[in-house]
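Enquirer: Contents of upload_2.txt (compact mmCIF, C-alpha atoms):
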```
# COMPACT_ATOMS: atom_id res chain seq x y z
CA MET A 1 0.00 0.00 0.00
CA ALA A 2 1.35 3.41 -0.93
CA GLU A 3 2.11 5.67 2.01
CA ALA A 4 -0.90 7.72 3.03
CA LYS A 5 -0.95 11.23 1.68
CA ILE A 6 -1.38 14.18 4.02
CA MET A 7 -3.16 17.37 3.06
CA ASP A 8 -1.98 20.55 4.75
CA GLY A 9 -4.79 23.01 4.80
CA ASN A 10 -5.78 26.22 6.43
CA ILE A 11 -9.20 27.46 7.30
CA THR A 12 -9.71 31.14 8.08
CA VAL A 13 -12.56 31.69 10.51
CA PRO A 14 -13.75 35.31 10.66
CA TYR A 15 -15.64 36.19 13.83
CA SER A 16 -17.38 39.02 15.59
CA TRP A 17 -17.26 39.00 19.37
CA THR A 18 -19.62 41.24 21.38
CA THR A 19 -18.03 42.69 24.50
CA GLY A 20 -21.03 43.27 26.74
CA PRO A 21 -21.26 46.48 28.81
CA ALA A 22 -18.44 45.80 31.28
CA ILE A 23 -15.67 44.84 28.86
CA GLY A 24 -17.11 47.45 26.49
CA ALA A 25 -16.42 50.08 29.16
CA PHE A 26 -12.94 48.63 29.74
CA LEU A 27 -12.00 48.74 26.04
CA THR A 28 -13.58 52.20 25.53
CA GLY A 29 -11.49 53.52 28.44
CA MET A 30 -8.35 52.13 26.81
CA ARG A 31 -9.13 53.49 23.36
CA ASP A 32 -10.33 56.98 24.24
CA ASP A 33 -8.43 57.86 27.42
CA MET A 34 -5.60 55.36 27.83
CA LYS A 35 -7.06 54.45 31.21
CA LEU A 36 -7.76 51.14 32.92
CA VAL A 37 -11.37 50.73 33.99
CA GLY A 38 -12.58 48.54 36.85
CA VAL A 39 -15.97 48.24 38.53
CA LYS A 40 -16.77 48.81 42.23
CA CYS A 41 -19.42 46.72 43.94
CA SER A 42 -21.99 48.84 45.82
CA LYS A 43 -22.46 46.07 48.38
CA CYS A 44 -19.00 44.69 49.26
CA GLY A 45 -16.88 47.54 47.89
CA GLN A 46 -14.61 45.18 45.94
CA VAL A 47 -13.02 46.67 42.82
CA VAL A 48 -12.72 44.17 39.96
CA CYS A 49 -10.48 44.84 36.99
CA PRO A 50 -11.11 43.87 34.19
CA PRO A 51 -14.69 44.73 35.11
CA ARG A 52 -17.60 42.29 35.22
CA ASP A 53 -21.34 42.88 34.96
CA VAL A 54 -22.02 41.03 38.22
CA CYS A 55 -19.95 41.01 41.43
CA PRO A 56 -18.27 37.61 41.76
CA LYS A 57 -18.71 37.72 45.55
CA CYS A 58 -22.19 39.21 45.99
CA PHE A 59 -23.80 38.34 42.66
CA ILE A 60 -25.43 41.76 42.44
CA LYS A 61 -25.34 43.89 39.29
CA ASN A 62 -22.32 46.20 39.15
CA ASP A 63 -22.14 49.30 36.96
CA ASP A 64 -20.13 51.76 39.05
CA TYR A 65 -17.08 51.98 36.74
CA VAL A 66 -13.91 53.42 38.29
CA THR A 67 -10.42 54.10 37.02
CA VAL A 68 -7.63 51.96 38.48
CA GLY A 69 -3.83 52.08 38.14
CA PRO A 70 -2.28 53.08 35.86
CA ALA A 71 0.59 51.56 37.82
CA GLY A 72 0.48 48.16 39.46
CA THR A 73 2.55 45.53 41.26
CA VAL A 74 3.72 42.20 39.86
CA VAL A 75 2.35 39.53 42.20
CA ALA A 76 3.33 36.52 40.11
CA PHE A 77 4.94 35.86 36.74
CA SER A 78 5.88 33.14 34.28
CA VAL A 79 8.62 33.18 31.70
CA ILE A 80 7.41 31.29 28.63
CA HIS A 81 9.99 29.48 26.50
CA LEU A 82 7.69 27.16 24.52
CA PRO A 83 6.55 28.56 21.16
CA ASN A 84 2.91 28.26 20.17
CA ASP A 85 0.64 29.55 17.41
CA ASP A 86 -1.07 32.05 19.71
CA GLN A 87 1.94 33.58 21.38
CA PRO A 88 1.87 37.32 22.21
CA ALA A 89 5.63 37.67 21.68
CA GLU A 90 8.73 35.72 20.59
CA PRO A 91 9.83 33.37 23.37
CA PRO A 92 11.22 33.82 25.95
CA TYR A 93 8.58 36.30 27.12
CA THR A 94 7.08 37.11 30.52
CA LEU A 95 3.43 36.98 31.47
CA ALA A 96 2.69 38.67 34.79
CA LEU A 97 -0.21 38.74 37.22
CA ILE A 98 -0.50 42.45 37.98
CA ASN A 99 -2.36 43.99 40.90
CA LEU A 100 -3.28 47.43 39.59
CA ASP A 101 -3.38 50.20 42.21
CA GLY A 102 -6.94 50.40 43.52
CA ALA A 103 -8.08 47.01 42.23
CA ASP A 104 -8.83 43.95 44.38
CA THR A 105 -8.35 41.50 41.54
CA ASN A 106 -5.36 40.95 39.28
CA LEU A 107 -4.83 41.29 35.56
CA VAL A 108 -2.69 38.92 33.46
CA TYR A 109 -0.61 40.74 30.89
CA LEU A 110 2.58 40.66 28.87
CA LEU A 111 5.63 42.44 30.29
CA GLY A 112 7.91 44.30 27.91
CA ASP A 113 11.02 46.49 27.95
CA VAL A 114 12.47 44.20 30.60
CA ASP A 115 14.65 41.09 30.46
CA PRO A 116 12.83 38.01 31.81
CA ASP A 117 15.78 37.45 34.17
CA ASP A 118 15.23 40.87 35.75
CA VAL A 119 11.53 40.42 36.58
CA GLU A 120 10.84 40.26 40.34
CA HIS A 121 7.84 39.76 42.57
CA GLY A 122 6.73 43.13 43.87
CA MET A 123 8.11 44.98 40.85
CA ARG A 124 6.18 48.15 40.01
CA VAL A 125 4.97 48.39 36.42
CA GLU A 126 2.99 50.77 34.22
CA PRO A 127 1.09 50.37 30.95
CA VAL A 128 2.59 51.13 27.53
CA TRP A 129 -0.04 52.16 25.02
CA LYS A 130 -0.15 51.95 21.24
CA GLU A 131 -0.29 55.25 19.34
CA GLU A 132 -3.25 54.10 17.26
CA ARG A 133 -5.98 52.48 19.36
CA TYR A 134 -9.14 50.77 18.15
CA GLY A 135 -10.83 49.41 21.26
CA TYR A 136 -9.08 46.05 21.17
CA LEU A 137 -7.03 44.51 24.00
CA SER A 138 -3.96 44.95 21.81
CA ASP A 139 -4.27 48.76 22.27
CA LEU A 140 -2.32 47.98 25.47
CA LYS A 141 1.09 46.84 24.22
CA HIS A 142 2.52 45.60 27.53
CA PHE A 143 3.47 46.69 31.04
CA LYS A 144 7.00 47.90 31.71
CA PRO A 145 8.92 48.58 34.92
CA LEU A 146 8.31 52.04 36.39
CA MET B 147 -9.32 56.39 16.10
CA ALA B 148 -11.29 58.07 18.90
CA GLU B 149 -14.89 57.51 17.91
CA ASN B 150 -17.77 58.66 20.07
CA GLU B 151 -19.42 55.26 20.02
CA PRO B 152 -18.50 53.05 23.00
CA VAL B 153 -16.74 49.80 22.08
CA MET B 154 -19.27 47.01 21.66
CA GLU B 155 -17.62 44.41 19.49
CA ASN B 156 -14.25 43.10 18.42
CA LEU B 157 -13.74 41.57 14.99
CA GLY B 158 -11.09 38.99 14.31
CA ARG B 159 -9.86 36.20 12.10
CA ARG B 160 -8.61 32.95 13.49
CA LEU B 161 -6.32 30.88 11.33
CA VAL B 162 -6.85 27.19 11.81
CA PRO B 163 -4.02 25.25 10.18
CA TYR B 164 -4.58 21.50 9.91
CA HIS B 165 -3.09 18.29 8.61
CA TRP B 166 -5.56 15.79 7.23
CA SER B 167 -4.39 12.27 6.59
CA TYR B 168 -6.14 10.88 3.50
CA GLY B 169 -5.96 7.23 4.57
CA ASP B 170 -5.39 4.38 2.15
CA SER B 171 -8.56 4.77 0.11
CA PHE B 172 -8.37 8.46 -0.71
CA THR B 173 -4.61 8.19 -1.22
CA GLU B 174 -5.23 5.68 -4.02
CA PHE B 175 -8.20 7.62 -5.42
CA PHE B 176 -6.33 10.91 -5.63
CA LYS B 177 -3.22 9.23 -6.97
CA ALA B 178 -5.42 8.05 -9.85
CA THR B 179 -6.91 11.50 -10.44
CA LYS B 180 -3.48 13.14 -10.33
CA GLU B 181 -1.40 10.68 -12.32
CA ARG B 182 -3.93 9.21 -14.73
CA GLY B 183 -6.92 11.56 -14.83
CA ALA B 184 -9.03 8.55 -13.88
CA ILE B 185 -11.86 7.80 -11.43
CA LEU B 186 -10.93 4.80 -9.28
CA ALA B 187 -13.80 2.61 -8.06
CA SER B 188 -14.03 -0.62 -6.06
CA ARG B 189 -16.43 -3.58 -5.94
CA CYS B 190 -17.37 -5.32 -2.69
CA PRO B 191 -17.02 -9.13 -2.87
CA VAL B 192 -20.11 -9.63 -0.70
CA CYS B 193 -22.74 -7.07 -1.75
CA LYS B 194 -21.17 -6.35 -5.17
CA GLY B 195 -21.61 -2.62 -4.50
CA VAL B 196 -19.46 -0.39 -6.69
CA MET B 197 -18.10 2.57 -4.75
CA ALA B 198 -16.53 5.61 -6.42
CA PRO B 199 -14.30 6.92 -4.83
CA ALA B 200 -12.90 3.45 -4.15
CA VAL B 201 -12.88 2.09 -0.61
CA HIS B 202 -10.80 -0.62 1.04
CA MET B 203 -13.55 -1.66 3.42
CA CYS B 204 -17.21 -1.91 2.44
CA GLY B 205 -19.34 0.40 4.56
CA ARG B 206 -22.34 -1.91 4.26
CA CYS B 207 -20.76 -5.32 4.79
CA TYR B 208 -17.72 -4.39 6.91
CA CYS B 209 -15.56 -6.67 4.78
CA GLU B 210 -12.31 -6.07 2.93
CA VAL B 211 -12.57 -4.86 -0.62
CA ASP B 212 -9.80 -5.69 -3.07
CA GLU B 213 -11.23 -5.30 -6.56
CA PHE B 214 -10.30 -1.94 -8.07
CA PHE B 215 -10.98 -0.54 -11.52
CA ASP B 216 -11.66 2.75 -13.28
CA VAL B 217 -15.15 4.01 -14.02
CA PRO B 218 -15.95 6.60 -16.72
CA ASP B 219 -15.56 10.20 -15.62
CA GLU B 220 -19.13 10.97 -16.60
CA GLY B 221 -22.61 10.11 -15.37
CA GLU B 222 -25.96 11.45 -14.23
CA LEU B 223 -26.54 14.50 -12.08
CA VAL B 224 -28.75 13.14 -9.27
CA ALA B 225 -28.92 16.17 -6.98
CA TYR B 226 -27.79 19.78 -7.04
CA THR B 227 -27.98 23.10 -5.20
CA VAL B 228 -27.42 26.62 -6.43
CA VAL B 229 -25.76 28.52 -3.59
CA TYR B 230 -26.38 32.26 -3.28
CA LEU B 231 -25.32 32.80 0.33
CA PRO B 232 -21.70 33.88 0.94
CA PHE B 233 -19.92 32.13 3.82
CA PRO B 234 -16.31 31.53 4.87
CA GLY B 235 -14.51 28.65 3.19
CA GLN B 236 -16.72 28.27 0.16
CA PRO B 237 -14.96 27.11 -3.02
CA ASN B 238 -16.33 29.93 -5.20
CA GLU B 239 -17.92 33.36 -4.98
CA PRO B 240 -21.68 32.82 -5.02
CA PRO B 241 -23.81 32.17 -6.94
CA TYR B 242 -22.47 28.73 -7.86
CA CYS B 243 -23.87 25.26 -8.33
CA TYR B 244 -22.65 22.04 -6.82
CA GLY B 245 -24.20 18.64 -7.24
CA TYR B 246 -23.91 14.90 -6.82
CA ILE B 247 -22.82 12.86 -9.81
CA HIS B 248 -23.65 9.20 -10.24
CA PHE B 249 -20.77 7.87 -12.39
CA ASP B 250 -21.74 5.27 -15.00
CA GLY B 251 -21.36 1.86 -13.37
CA ALA B 252 -21.03 3.12 -9.79
CA ASP B 253 -23.55 2.81 -6.94
CA THR B 254 -22.44 5.84 -4.95
CA MET B 255 -22.50 9.57 -5.66
CA PHE B 256 -19.65 12.03 -6.00
CA PRO B 257 -19.91 15.74 -5.09
CA HIS B 258 -18.48 18.48 -7.28
CA MET B 259 -19.11 21.87 -8.89
CA ILE B 260 -21.37 22.09 -11.96
CA LYS B 261 -20.36 24.76 -14.46
CA GLU B 262 -20.62 25.79 -18.13
CA VAL B 263 -24.41 25.84 -17.86
CA GLU B 264 -27.04 28.42 -16.90
CA PHE B 265 -28.56 27.64 -13.49
CA ASP B 266 -32.06 27.56 -14.99
CA ASP B 267 -30.97 24.92 -17.50
CA ILE B 268 -29.65 22.48 -14.89
CA GLN B 269 -31.91 19.45 -14.60
CA MET B 270 -32.10 16.35 -12.48
CA GLY B 271 -30.80 13.37 -14.45
CA MET B 272 -28.80 15.43 -16.90
CA ARG B 273 -25.58 13.86 -18.17
CA VAL B 274 -22.41 15.55 -16.97
CA LYS B 275 -18.72 14.93 -17.54
CA ALA B 276 -15.57 15.87 -15.63
CA VAL B 277 -13.47 18.78 -16.88
CA TRP B 278 -9.94 17.94 -15.78
CA GLU B 279 -7.22 20.29 -14.58
CA ASP B 280 -3.98 20.32 -16.62
CA PRO B 281 -1.94 17.22 -15.69
CA ASP B 282 0.99 19.44 -14.62
CA LYS B 283 -1.19 21.40 -12.23
CA ARG B 284 -2.96 18.53 -10.48
CA LYS B 285 -2.09 18.19 -6.82
CA GLY B 286 -3.91 15.00 -5.85
CA ASP B 287 -7.04 16.61 -4.41
CA LEU B 288 -10.68 17.18 -5.35
CA PHE B 289 -9.73 19.99 -7.72
CA ASP B 290 -7.73 17.70 -10.00
CA ILE B 291 -11.18 17.92 -11.57
CA LYS B 292 -12.02 21.58 -12.23
CA HIS B 293 -15.76 20.99 -12.41
CA PHE B 294 -18.40 18.95 -14.26
CA LYS B 295 -20.20 20.20 -17.36
CA PRO B 296 -23.28 18.98 -19.20
CA ILE B 297 -22.84 16.75 -22.23
CA GLU B 298 -25.35 15.49 -24.78
```
What does the file become when written as structure tokens?
Expert:
Amino acid sequence: MAEAKIMDGNITVPYSWTTGPAIGAFLTGMRDDMKLVGVKCSKCGQVVCPPRDVCPKCFIKNDDYVTVGPAGTVVAFSVIHLPNDDQPAEPPYTLALINLDGADTNLVYLLGDVDPDDVEHGMRVEPVWKEERYGYLSDLKHFKPL
Amino acid sequence: MAENEPVMENLGRRLVPYHWSYGDSFTEFFKATKERGAILASRCPVCKGVMAPAVHMCGRCYCEVDEFFDVPDEGELVAYTVVYLPFPGQPNEPPYCYGYIHFDGADTMFPHMIKEVEFDDIQMGMRVKAVWEDPDKRKGDLFDIKHFKPIE
């Protein structure tokens, strides 16, 4: 039997993703004002960033949007060496869990302008914005050390 | 850049690369289309069913099939659809017609594009024949045949 042939193909899947009001507010804040938007719960006072429609603790509707950061603290990080189709940068790159000033939850984001070997827990970082912003997460390039 | 409308949606395109292994049966079938411009069929020893494309195991009897031969590259159009709706991944800009061809001597149907005919003139049962791609350009896939066209 002849060796089985393999077809290499590629399917392009276009999509439209609706943000909902909370992430809509987050992305609008990034695009228009280069600010990071969280939401404050009227019951427990917790500030969640990125914002959610409903408080994860109290389950009540949240729509009191507040600005957090712009600076934050690295509470955890991972240096990624393994390449993959979806990577945000050429390996090795650092993904950090960032506690933005004023927020009670943490944001995962790419760190840039810093060598992975120099990243430390407790490091202070600030956002680096793209010049042209369209209301996509990629408007925020990365966080860099203060 | 700064529009007054709040952000409500993000648009994107995901690329999904894949490897598809043909398996023995399609490997042989597409080798025949590529190298010989021929339609390879098989006959089951138990039910005598003639399958085009050829198979190595009969889907009705679950037995091994080992009789292979060519069938003519023409036959009857037994079903068709004219597609007007655009959608990702379609083989042509709409409108286009694709149908199922019952090759002479085969018991199964083969899907492909129907061209060189006005949509209104396409009829159930009409005789169609394969229009082959240039031998140098065939890659061993479904488009070794460009399309099917009506014949008298």
Enquirer: Residues of chain B near chain A: apply a cut-off of 8 Å, count only C-alpha atoms, and supply the list as a list of chain:residue names.
Expert: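 Taking only C-alpha atoms into account, B:Met147, B:Ala148, B:Glu149, B:Pro152, B:Val153, B:Met154, B:Glu155, B:Asn156, B:Leu157, B:Gly158, B:Arg159, B:Arg160, B:Leu161, B:Val162, B:Pro163, B:Tyr164, B:His165, B:Trp166, B:Ser167, B:Tyr168, B:Gly169, B:Asp170, B:Thr173, B:Glu174, B:Pro234, B:Gly235 sit within 8 Å of chain A.
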Enquirer: Which polymer residues have any atom within 10 Å of an atom of region 39-49 of chain A, counting only C-alpha atoms, with same-chain residues fewer than 3 positions away left out, as a ChimeraX atom specification?
Expert: /A:22-23,25-26,36,52-69,99-100,102-107
Enquirer: For Pro88 (chain A), please output as an mmCIF file with C-alpha atoms, in the frame of the given file all residues within 12 Å (counting only C-alpha atoms; exclusion window: fewer than 5 positions along the same chain).
Expert:
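Produced file result.cif, reproduced below:
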```cif
data_model
loop_
_atom_site.group_PDB
_atom_site.id
_atom_site.type_symbol
_atom_site.label_atom_id
_atom_site.label_comp_id
_atom_site.auth_asym_id
_atom_site.auth_seq_id
_atom_site.Cartn_x
_atom_site.Cartn_y
_atom_site.Cartn_z
ATOM 1 C CA ILE A 80 7.410 31.290 28.630
ATOM 2 C CA LEU A 82 7.690 27.160 24.520
ATOM 3 C CA PRO A 83 6.550 28.560 21.160
ATOM 4 C CA TYR A 93 8.580 36.300 27.120
ATOM 5 C CA THR A 94 7.080 37.110 30.520
ATOM 6 C CA LEU A 95 3.430 36.980 31.470
ATOM 7 C CA TYR A 109 -0.610 40.740 30.890
ATOM 8 C CA LEU A 110 2.580 40.660 28.870
ATOM 9 C CA LEU A 111 5.630 42.440 30.290
ATOM 10 C CA GLY A 112 7.910 44.300 27.910
ATOM 11 C CA LEU A 137 -7.030 44.510 24.000
ATOM 12 C CA SER A 138 -3.960 44.950 21.810
ATOM 13 C CA LEU A 140 -2.320 47.980 25.470
ATOM 14 C CA LYS A 141 1.090 46.840 24.220
ATOM 15 C CA HIS A 142 2.520 45.600 27.530
#
```
Enquirer: Which one is closest to Phe249 (chain B): B:Ala178, B:Cys204, B:Leu231, B:Met272? Count only C-alpha atoms.
Expert: B:Met272
Enquirer: If I take CA of Pro241 (chain B) and CA of Met255 (chain B), how far is one from the other in Å, to one decimal?
Expert: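 These atoms are spaced 22.7 Å apart.
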Enquirer: So what do you get for CA of Phe214 (chain B) versus CA of Tyr244 (chain B), distance-wise?
Expert: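 Value for the CA of Phe214 (chain B)-CA of Tyr244 (chain B) distance: 27.0 Å.
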Enquirer: Give the answer as one residue: which of B:Leu223, B:Asn150, B:Asp216, B:Gly183 has the shortest atom-to-atom distance to Phe289 (chain B), using only C-alpha atoms?
Expert: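 Closest candidate: B:Gly183.
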Enquirer: Which residues, written as a list in words, have at least one atom at most 8 Å from region 190-199 of chain B, with only C-alpha atoms counted and residues fewer than 6 positions away on the same chain left out?
Expert: Ser171, Phe172, Phe175, Arg206, Cys207, Cys209, Glu210, Val211, Asp212, Glu213, Val217, Phe249, Gly251, Ala252, Asp253, Thr254, Met255 and Phe256 of chain B
